[in-house]
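What follows is coords30.tsv (TSV, C-alpha atoms).
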```tsv
chain	number	residue	atom	x	y	z
A	1	MET	CA	-41.50	-9.33	5.07
A	2	GLN	CA	-38.85	-7.08	3.49
A	3	LYS	CA	-37.72	-5.84	6.91
A	4	ARG	CA	-37.42	-9.43	8.14
A	5	GLN	CA	-35.39	-10.45	5.07
A	6	ALA	CA	-33.10	-7.45	5.53
A	7	ALA	CA	-32.59	-8.35	9.19
A	8	LEU	CA	-31.77	-11.96	8.32
A	9	ARG	CA	-29.32	-10.86	5.63
A	10	ARG	CA	-27.63	-8.38	7.96
A	11	ASN	CA	-27.33	-11.04	10.65
A	12	ALA	CA	-25.85	-13.54	8.20
A	13	TYR	CA	-23.27	-10.95	7.11
A	14	SER	CA	-22.34	-9.60	10.54
A	15	SER	CA	-22.05	-13.09	12.03
A	16	HIS	CA	-19.89	-14.37	9.17
A	17	PRO	CA	-16.42	-15.32	10.52
A	18	LEU	CA	-14.64	-13.11	7.97
A	19	PHE	CA	-16.61	-10.08	9.17
A	20	MET	CA	-16.15	-10.94	12.86
A	21	ARG	CA	-12.43	-11.54	12.57
A	22	ARG	CA	-12.01	-8.37	10.52
A	23	SER	CA	-13.56	-6.38	13.38
A	24	ALA	CA	-11.81	-8.22	16.21
A	25	SER	CA	-8.87	-6.83	18.17
A	26	SER	CA	-6.94	-10.09	18.54
A	27	ALA	CA	-3.28	-9.98	17.53
A	28	SER	CA	-2.22	-11.43	14.21
A	29	PHE	CA	0.69	-11.35	11.79
A	30	TYR	CA	-1.04	-8.71	9.67
A	31	ARG	CA	-2.32	-6.59	12.53
A	32	ASN	CA	1.24	-5.57	13.33
A	33	SER	CA	2.70	-5.31	9.83
A	34	ASN	CA	2.33	-3.20	6.70
A	35	LYS	CA	1.78	0.00	8.68
A	36	GLY	CA	1.92	3.28	6.78
A	37	THR	CA	5.54	4.28	6.17
A	38	MET	CA	6.72	7.89	6.16
A	39	ILE	CA	9.78	8.81	4.11
A	40	LYS	CA	11.27	12.30	4.05
A	41	LEU	CA	11.85	14.04	0.74
A	42	PRO	CA	13.70	14.40	-1.51
A	43	GLU	CA	12.60	11.14	-3.10
A	44	PRO	CA	12.14	11.16	-6.89
A	45	VAL	CA	8.72	10.23	-8.23
A	46	ASP	CA	10.16	7.33	-10.21
A	47	GLN	CA	11.56	5.91	-6.96
A	48	VAL	CA	8.13	6.29	-5.35
A	49	VAL	CA	6.72	4.20	-8.21
A	50	VAL	CA	9.39	1.52	-7.68
A	51	ASN	CA	8.54	1.43	-3.97
A	52	LEU	CA	4.82	1.13	-4.70
A	53	LEU	CA	5.31	-1.76	-7.11
A	54	LYS	CA	7.64	-3.50	-4.67
A	55	ALA	CA	5.14	-3.18	-1.81
A	56	ALA	CA	2.14	-4.27	-3.88
A	57	ASN	CA	3.95	-7.33	-5.24
A	58	THR	CA	5.65	-8.51	-2.05
A	59	LYS	CA	3.25	-7.58	0.79
A	60	LEU	CA	-0.44	-8.25	1.27
A	61	PRO	CA	-2.64	-5.28	2.17
A	62	PRO	CA	-3.46	-5.69	5.89
A	63	ASP	CA	-7.22	-6.04	5.33
A	64	ILE	CA	-6.66	-8.87	2.83
A	65	GLY	CA	-4.23	-10.58	5.21
A	66	TRP	CA	-6.70	-10.46	8.10
A	67	ALA	CA	-9.49	-11.85	5.93
A	68	LEU	CA	-7.32	-14.74	4.72
A	69	GLU	CA	-6.24	-15.53	8.27
A	70	ALA	CA	-9.87	-15.54	9.37
A	71	ALA	CA	-10.83	-17.89	6.55
A	72	ALA	CA	-7.95	-20.24	7.35
A	73	GLY	CA	-9.05	-20.32	10.98
A	74	TRP	CA	-12.68	-21.30	10.45
A	75	GLU	CA	-12.80	-23.30	7.18
A	76	ALA	CA	-14.08	-26.83	7.83
A	77	ASP	CA	-13.21	-28.28	4.43
A	78	PRO	CA	-9.73	-29.92	4.58
A	79	THR	CA	-8.88	-29.04	0.98
A	80	ALA	CA	-9.87	-25.42	1.57
A	81	ARG	CA	-7.75	-25.28	4.74
A	82	MET	CA	-4.78	-26.70	2.85
A	83	GLN	CA	-5.13	-24.14	0.04
A	84	LEU	CA	-5.41	-21.23	2.47
A	85	GLY	CA	-2.49	-22.53	4.51
A	86	THR	CA	-0.34	-22.71	1.40
A	87	ILE	CA	-1.32	-19.14	0.47
A	88	MET	CA	-0.39	-17.83	3.91
A	89	ASP	CA	2.97	-19.64	3.90
A	90	ASN	CA	3.74	-18.19	0.49
A	91	VAL	CA	2.78	-14.68	1.58
A	92	LYS	CA	5.03	-14.71	4.63
A	93	LYS	CA	7.99	-16.05	2.66
A	94	ALA	CA	7.48	-13.43	-0.07
A	95	GLU	CA	7.52	-10.59	2.44
A	96	ALA	CA	10.53	-11.98	4.30
A	97	LEU	CA	12.51	-12.43	1.07
A	98	GLY	CA	11.24	-9.27	-0.64
A	99	ARG	CA	10.11	-11.31	-3.64
A	100	PRO	CA	6.80	-11.21	-5.54
A	101	MET	CA	3.99	-13.31	-4.08
A	102	CYS	CA	3.05	-14.61	-7.53
A	103	GLN	CA	5.03	-15.42	-10.66
A	104	ASP	CA	2.47	-13.40	-12.63
A	105	THR	CA	3.36	-9.90	-11.49
A	106	GLY	CA	0.51	-8.63	-13.63
A	107	ILE	CA	-0.05	-5.34	-15.38
A	108	PRO	CA	-0.36	-2.28	-13.12
A	109	ALA	CA	-3.11	0.32	-13.35
A	110	PHE	CA	-2.04	3.67	-11.87
A	111	TYR	CA	-4.32	6.34	-10.41
A	112	VAL	CA	-2.88	9.84	-9.97
A	113	LYS	CA	-4.90	12.18	-7.76
A	114	GLY	CA	-4.36	15.74	-6.52
A	115	ARG	CA	-1.94	18.24	-8.05
A	116	PHE	CA	0.42	17.20	-10.81
A	117	ASP	CA	1.67	18.19	-14.25
A	118	ALA	CA	2.27	16.35	-17.52
A	119	SER	CA	5.75	15.20	-16.45
A	120	ILE	CA	4.30	12.65	-14.05
A	121	ARG	CA	3.58	10.19	-16.86
A	122	GLY	CA	7.25	10.09	-17.78
A	123	GLU	CA	8.19	9.53	-14.14
A	124	ILE	CA	5.76	6.62	-13.81
A	125	ILE	CA	7.12	5.07	-17.02
A	126	LYS	CA	10.66	5.43	-15.72
A	127	GLY	CA	9.71	3.88	-12.39
A	128	LEU	CA	7.93	0.92	-14.01
A	129	ARG	CA	10.93	0.22	-16.24
A	130	ARG	CA	13.28	0.31	-13.23
A	131	ALA	CA	10.97	-1.86	-11.13
A	132	THR	CA	10.79	-4.49	-13.88
A	133	GLU	CA	14.58	-4.81	-13.70
A	134	THR	CA	15.20	-4.46	-9.99
A	135	ILE	CA	12.36	-6.18	-8.11
A	136	PRO	CA	12.23	-7.98	-10.62
A	137	LEU	CA	8.83	-8.08	-12.35
A	138	ARG	CA	7.95	-10.51	-15.12
A	139	PRO	CA	7.74	-8.71	-18.48
A	140	ASN	CA	4.07	-9.17	-19.36
A	141	THR	CA	3.17	-6.63	-22.05
A	142	VAL	CA	3.01	-7.86	-25.64
A	143	ASP	CA	1.71	-6.62	-28.98
A	144	PRO	CA	-1.89	-7.91	-29.18
A	145	LEU	CA	-1.43	-9.30	-32.70
A	146	THR	CA	2.23	-10.32	-33.08
A	147	ARG	CA	2.51	-11.26	-29.36
A	148	LYS	CA	6.02	-9.76	-29.33
A	149	ASN	CA	7.05	-8.92	-25.76
A	150	THR	CA	8.33	-5.39	-25.08
A	151	GLY	CA	10.58	-6.73	-22.31
A	152	ASP	CA	9.95	-3.87	-19.89
A	153	ASN	CA	6.20	-3.89	-19.14
A	154	LEU	CA	5.78	-0.82	-21.33
A	155	GLY	CA	4.73	-0.39	-24.97
A	156	LYS	CA	1.82	1.20	-26.78
A	157	GLY	CA	-0.89	2.24	-24.33
A	158	MET	CA	1.13	1.10	-21.31
A	159	PRO	CA	1.13	1.76	-18.49
A	160	GLU	CA	-2.54	2.47	-17.88
A	161	ILE	CA	-2.81	5.74	-15.94
A	162	HIS	CA	-5.99	7.39	-14.68
A	163	TYR	CA	-5.77	11.08	-13.77
A	164	ILE	CA	-7.95	12.61	-11.05
A	165	PRO	CA	-7.04	16.32	-10.71
A	166	THR	CA	-8.16	18.01	-7.48
A	167	GLU	CA	-7.34	21.16	-5.52
A	168	ASP	CA	-5.56	19.17	-2.80
A	169	ASP	CA	-2.03	20.18	-1.77
A	170	PHE	CA	-0.61	16.71	-2.41
A	171	THR	CA	-0.05	14.23	-5.22
A	172	GLU	CA	-1.32	10.72	-4.55
A	173	ILE	CA	-0.22	7.80	-6.72
A	174	SER	CA	-2.08	4.51	-6.27
A	175	VAL	CA	-1.47	1.26	-8.08
A	176	LEU	CA	-3.63	-1.83	-8.57
A	177	ILE	CA	-1.98	-4.92	-10.03
A	178	LYS	CA	-3.93	-7.69	-11.74
A	179	GLY	CA	-2.57	-10.80	-13.39
A	180	ALA	CA	-4.19	-12.52	-16.36
A	181	GLY	CA	-5.99	-15.11	-14.23
A	182	SER	CA	-8.23	-12.50	-12.63
A	183	GLU	CA	-8.23	-9.90	-15.42
A	184	ASN	CA	-9.41	-12.48	-17.98
A	185	MET	CA	-12.50	-13.09	-15.86
A	186	THR	CA	-13.69	-9.47	-16.17
A	187	ARG	CA	-17.26	-9.35	-17.44
A	188	LEU	CA	-19.49	-6.56	-18.79
A	189	ALA	CA	-23.21	-6.73	-19.50
A	190	MET	CA	-25.50	-4.09	-20.95
A	191	LEU	CA	-28.65	-5.19	-19.17
A	192	ASN	CA	-32.14	-3.98	-19.90
A	193	PRO	CA	-33.30	-1.44	-17.31
A	194	SER	CA	-36.25	-3.77	-16.64
A	195	ASP	CA	-33.80	-6.42	-15.39
A	196	GLY	CA	-33.39	-4.29	-12.26
A	197	ILE	CA	-31.56	-5.29	-9.11
A	198	GLU	CA	-32.44	-8.97	-9.51
A	199	GLY	CA	-30.81	-8.92	-12.95
A	200	ILE	CA	-27.71	-7.29	-11.48
A	201	LYS	CA	-27.45	-9.91	-8.74
A	202	LYS	CA	-27.86	-12.76	-11.22
A	203	PHE	CA	-25.20	-11.38	-13.57
A	204	VAL	CA	-22.69	-10.88	-10.74
A	205	THR	CA	-23.33	-14.31	-9.24
A	206	ASP	CA	-23.11	-16.06	-12.61
A	207	SER	CA	-19.90	-14.19	-13.47
A	208	VAL	CA	-18.13	-15.22	-10.26
A	209	LEU	CA	-19.30	-18.83	-10.32
A	210	ASP	CA	-18.58	-19.25	-14.05
A	211	ALA	CA	-15.04	-17.98	-13.40
A	212	GLY	CA	-14.52	-20.86	-11.00
A	213	GLY	CA	-10.94	-21.26	-9.82
A	214	ARG	CA	-9.37	-19.30	-12.70
A	215	PRO	CA	-9.11	-15.95	-10.86
A	216	CYS	CA	-7.51	-17.76	-7.88
A	217	PRO	CA	-10.20	-17.23	-5.23
A	218	PRO	CA	-10.88	-16.21	-2.55
A	219	GLY	CA	-10.59	-12.59	-3.60
A	220	VAL	CA	-12.51	-9.36	-3.75
A	221	VAL	CA	-15.32	-8.81	-6.26
A	222	GLY	CA	-15.42	-5.30	-7.69
A	223	ILE	CA	-18.71	-4.25	-9.29
A	224	GLY	CA	-19.50	-1.24	-11.44
A	225	ILE	CA	-23.12	-0.28	-12.07
A	226	GLY	CA	-24.16	2.48	-14.45
A	227	GLY	CA	-22.17	4.99	-16.47
A	228	THR	CA	-21.11	4.06	-19.99
A	229	ALA	CA	-19.76	0.66	-21.02
A	230	ASP	CA	-16.11	1.68	-20.64
A	231	GLY	CA	-16.77	3.76	-17.54
A	232	CYS	CA	-18.63	0.88	-15.89
A	233	ALA	CA	-15.70	-1.50	-16.40
A	234	ALA	CA	-13.33	1.13	-14.98
A	235	MET	CA	-15.53	1.53	-11.87
A	236	ALA	CA	-15.52	-2.22	-11.26
A	237	LYS	CA	-11.73	-2.27	-11.23
A	238	GLU	CA	-11.50	0.87	-9.08
A	239	ALA	CA	-13.83	-0.76	-6.56
A	240	LEU	CA	-11.07	-3.27	-5.77
A	241	MET	CA	-9.09	-0.38	-4.27
A	242	SER	CA	-11.58	0.03	-1.41
A	243	PRO	CA	-10.29	-1.56	1.83
A	244	LEU	CA	-12.53	-4.29	3.24
A	245	GLY	CA	-12.97	-2.48	6.53
A	246	ARG	CA	-14.44	0.62	4.90
A	247	GLU	CA	-18.24	0.45	4.76
A	248	ASN	CA	-20.03	1.71	1.69
A	249	SER	CA	-21.55	5.10	2.52
A	250	ASP	CA	-24.67	4.30	0.49
A	251	PRO	CA	-27.03	2.09	2.58
A	252	ALA	CA	-28.60	0.49	-0.50
A	253	LEU	CA	-25.22	-0.44	-1.97
A	254	ARG	CA	-23.99	-1.68	1.40
A	255	GLU	CA	-27.03	-3.96	1.62
A	256	LEU	CA	-26.37	-5.27	-1.89
A	257	GLU	CA	-22.70	-5.89	-1.09
A	258	GLU	CA	-23.64	-7.84	2.02
A	259	GLU	CA	-26.25	-9.92	0.23
A	260	LEU	CA	-23.86	-10.88	-2.56
A	261	PHE	CA	-21.09	-11.62	-0.04
A	262	VAL	CA	-23.30	-14.10	1.81
A	263	LYS	CA	-24.65	-15.66	-1.38
A	264	LEU	CA	-21.26	-16.16	-3.02
A	265	ASN	CA	-19.68	-17.63	0.10
A	266	GLY	CA	-22.63	-20.01	0.36
A	267	SER	CA	-22.02	-21.28	-3.18
A	268	GLY	CA	-19.43	-23.86	-2.12
A	269	LEU	CA	-16.93	-22.79	-4.80
A	270	GLY	CA	-14.25	-22.15	-2.19
A	271	PRO	CA	-10.51	-21.42	-2.33
A	272	MET	CA	-9.03	-22.04	-5.79
A	273	GLY	CA	-12.44	-23.36	-6.86
A	274	LEU	CA	-11.81	-26.64	-5.02
A	275	GLY	CA	-14.67	-26.39	-2.55
A	276	GLY	CA	-15.18	-24.67	0.78
A	277	SER	CA	-16.96	-21.78	2.43
A	278	THR	CA	-14.64	-18.95	1.38
A	279	THR	CA	-15.21	-17.90	-2.21
A	280	VAL	CA	-14.88	-14.12	-1.72
A	281	LEU	CA	-13.23	-11.94	0.91
A	282	GLY	CA	-15.42	-8.96	0.11
A	283	VAL	CA	-17.75	-7.32	-2.40
A	284	ARG	CA	-17.28	-3.65	-3.32
A	285	ILE	CA	-19.67	-1.65	-5.52
A	286	ARG	CA	-19.37	1.71	-7.28
A	287	THR	CA	-22.09	3.40	-9.32
A	288	ALA	CA	-22.68	6.26	-11.74
A	289	CYS	CA	-25.73	7.64	-13.51
A	290	CYS	CA	-26.43	6.05	-16.88
A	291	HIS	CA	-28.60	6.48	-19.99
A	292	THR	CA	-32.32	6.01	-19.36
A	293	ALA	CA	-32.36	3.05	-21.79
A	294	SER	CA	-29.24	1.34	-20.37
A	295	LEU	CA	-28.15	-0.64	-17.31
A	296	PRO	CA	-24.42	-1.37	-17.61
A	297	VAL	CA	-22.98	-3.82	-15.06
A	298	ALA	CA	-19.33	-4.87	-14.86
A	299	VAL	CA	-17.52	-7.39	-12.66
A	300	SER	CA	-13.80	-7.25	-11.94
A	301	ILE	CA	-12.46	-10.03	-9.72
A	302	GLY	CA	-9.33	-9.62	-7.64
A	303	CYS	CA	-7.28	-12.74	-6.88
A	304	TRP	CA	-6.53	-13.74	-3.28
A	305	ALA	CA	-3.75	-11.13	-3.11
A	306	THR	CA	-5.71	-8.12	-4.47
A	307	ARG	CA	-2.40	-6.28	-4.86
A	308	ARG	CA	-2.57	-2.54	-4.24
A	309	ALA	CA	-0.56	0.29	-2.70
A	310	ALA	CA	-0.60	4.09	-2.52
A	311	ALA	CA	1.77	6.95	-1.83
A	312	ARG	CA	0.84	10.51	-0.85
A	313	ILE	CA	3.53	13.00	-1.83
A	314	THR	CA	3.65	16.44	-0.16
A	315	ASP	CA	6.28	19.18	-0.12
A	316	THR	CA	7.98	17.59	2.87
A	317	ASP	CA	7.49	13.82	2.77
A	318	VAL	CA	5.98	10.71	1.18
A	319	GLU	CA	3.53	8.52	3.09
A	320	TYR	CA	2.96	4.95	1.91
A	321	SER	CA	-0.08	2.80	2.64
A	322	GLN	CA	-1.81	-0.32	1.38
A	323	GLU	CA	-5.12	0.56	3.03
A	324	ALA	CA	-6.04	4.22	2.44
A	325	VAL	CA	-6.44	4.10	-1.35
A	326	LEU	CA	-8.91	5.89	-3.67
```
Would you encode the structure as structure tokens?
Amino acid sequence: MQKRQAALRRNAYSSHPLFMRRSASSASFYRNSNKGTMIKLPEPVDQVVVNLLKAANTKLPPDIGWALEAAAGWEADPTARMQLGTIMDNVKKAEALGRPMCQDTGIPAFYVKGRFDASIRGEIIKGLRRATETIPLRPNTVDPLTRKNTGDNLGKGMPEIHYIPTEDDFTEISVLIKGAGSENMTRLAMLNPSDGIEGIKKFVTDSVLDAGGRPCPPGVVGIGIGGTADGCAAMAKEALMSPLGRENSDPALRELEEELFVKLNGSGLGPMGLGGSTTVLGVRIRTACCHTASLPVAVSIGCWATRRAAARITDTDVEYSQEAVL
């Protein structure tokens, strides 16, 4: 029975139009754009940060673009088709004009991987300040109590930077941008271990459906399972950095991703929560070991843009991408 259910689930996932179009070789607007860009050094780190924020705010990652195109091509619901059509028109105009895709240019989370020293924080701060003025980005950071705006997307605790030191001979800076619509729908639950996988699936499904149209679906659902409470929430957000075309290397997690993908797209929530067959473009899961008496689960929802970009800096050049991240 379990083998039959797994086969049915796999068939439902692999035959889903989003999956089929993602794997197809047909030409599209996004198949020929947003290729990795190589720029020769010297290029200051703060300029790299400006370039990353410009790319993430004005261009869709190719995998997200393909998925949206696929959804627009097969949606039967007229309202859903209209919403997706409007999104695609907006995206193409934003890229052509070099302007942000959304008025909420969000708050960026940076991930620095490889070799670096303490000066890199100052360079990222400098780049974010410049980007706010030149792109421009909406000043979004405020004091949590007085609500006074800093005016430059900086301030106490900002920007959020995660450091991942390695022995690699490069420095990689990645950025994920989330606006309030999607960030406010982040959910964390400290489940009982006895709740198991069924409890995880219920919490994720309830979180996405309760969010409704507020995170501007269809987007990507990032899920963290395990770790500590704060670590679990961080994993859920990091999961949004995984390109849709990259399969999870863990077969059990891949199966869970596929099952949730099919279930959520069968919910009828649809684009912008107005009905249709495209509620999510993908489901990505990351895990860590946890306390024997805990089962932390976090959900971080990306909006339809799922804005991200990365730059790999070596001694000779800088390579930009919106696909090969974390």
**Q.** Residue among A:Ala229, A:Ile161, A:Leu53, A:Leu137 lying closest to Lys113 (chain A), counting only C-alpha atoms
**A.**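 Closest to Lys113 (chain A) of all the choices is A:Ile161.
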**Q.** Shell around Gly270 (chain A) at 7 Å using all atoms listed in the file, local window under 4 positions removed, as a list in words
**A.**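 These residues fall inside the cut-off: Ala80, Pro218, Leu274, Gly275, Gly276, Ser277, Thr278 and Thr279 of chain A.
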Write out the residues from the selection above, keeping C-alpha atoms, as a compact mmCIF listing (two decimals), in the coordinates of the input.
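Result file again.txt:
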```txt
# COMPACT_ATOMS: atom_id res chain seq x y z
CA ALA A 80 -9.87 -25.42 1.57
CA PRO A 218 -10.88 -16.21 -2.55
CA LEU A 274 -11.81 -26.64 -5.02
CA GLY A 275 -14.67 -26.39 -2.55
CA GLY A 276 -15.18 -24.67 0.78
CA SER A 277 -16.96 -21.78 2.43
CA THR A 278 -14.64 -18.95 1.38
CA THR A 279 -15.21 -17.90 -2.21
```
Q) How many Å separate CA of Lys54 (chain A) from CA of Phe110 (chain A)? A) 14.0 Å
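Summary of the local environment: counting only C-alpha atoms, residues at most 7 Å from Val220 (chain A), other than itself and those fewer than 2 positions away along its chain, are Gly222, Leu240, Val280, Leu281, Gly282, Val283, Ile301, Gly302, Cys303 and Thr306 of chain A.
In this structure, CA of Cys232 (chain A) sits 8.9 Å away from CA of Val299 (chain A).
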**Q.** Nearest to Glu183 (chain A) by atom-to-atom distance, counting only C-alpha atoms, from A:Thr141, A:Ser300, A:Asn90, A:Thr316
**A.**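 Of A:Thr141, A:Ser300, A:Asn90, A:Thr316, the one nearest Glu183 (chain A), counting only C-alpha atoms, is A:Ser300.
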Q | Nearest to Ala311 (chain A), chosen from A:Cys102, A:Glu75, A:Pro251, A:Asp46, with all atoms listed in the file counted in the distances | A | A:Asp46
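From CA of Val91 (chain A) back to CA of Pro159 (chain A), the distance works out to 26.0 Å.
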Q: Determine the nearest neighbour of Phe116 (chain A) from the options A:Ile173, A:Ala252, A:Ala293, A:Leu191, counting all atoms listed in the file.
A: A:Ile173
Q | Top pick for closest residue to Leu253 (chain A), considering A:Ile197, A:Ala305, A:Leu145, A:Ala180 and counting only C-alpha atoms | A |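 Among the listed residues, A:Ile197 lies closest to Leu253 (chain A).
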Shell of 8 Å around Ile125 (chain A), only C-alpha atoms, local chain residues under 2 positions omitted, as a PDB file with C-alpha atoms, in the coordinates of the input:
```
ATOM      1  CA  ASP A  46      10.160   7.330 -10.210  1.00  0.00           C
ATOM      2  CA  ARG A 121       3.580  10.190 -16.860  1.00  0.00           C
ATOM      3  CA  GLY A 122       7.250  10.090 -17.780  1.00  0.00           C
ATOM      4  CA  GLU A 123       8.190   9.530 -14.140  1.00  0.00           C
ATOM      5  CA  GLY A 127       9.710   3.880 -12.390  1.00  0.00           C
ATOM      6  CA  LEU A 128       7.930   0.920 -14.010  1.00  0.00           C
ATOM      7  CA  ARG A 129      10.930   0.220 -16.240  1.00  0.00           C
ATOM      8  CA  LEU A 154       5.780  -0.820 -21.330  1.00  0.00           C
ATOM      9  CA  PRO A 159       1.130   1.760 -18.490  1.00  0.00           C
TER      10      PRO A 159
END
```
Q | Among listed residues A:Val112, A:Val142, A:Gln322, A:Ser194, nearest Glu160 (chain A) (using only C-alpha atoms) | A | A:Val112
Shell of 8 Å around region 313-315 of chain A, only C-alpha atoms, local chain residues under 2 positions omitted, as a CSV table (one decimal) with C-alpha atoms, in the coordinates of the input:
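Contents of out_8.csv, as written:
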```csv
chain,number,residue,atom,x,y,z
A,41,LEU,CA,11.8,14.0,0.7
A,169,ASP,CA,-2.0,20.2,-1.8
A,170,PHE,CA,-0.6,16.7,-2.4
A,171,THR,CA,0.0,14.2,-5.2
A,172,GLU,CA,-1.3,10.7,-4.6
A,311,ALA,CA,1.8,7.0,-1.8
A,317,ASP,CA,7.5,13.8,2.8
A,318,VAL,CA,6.0,10.7,1.2
A,319,GLU,CA,3.5,8.5,3.1
```
**Q.** Polymer residues at most 12 Å from (-15.0, -2.1, -22.1) by only C-alpha atoms, as a PyMOL selection string
**A.** chain A and resi 186-190+224+227-237+296-300
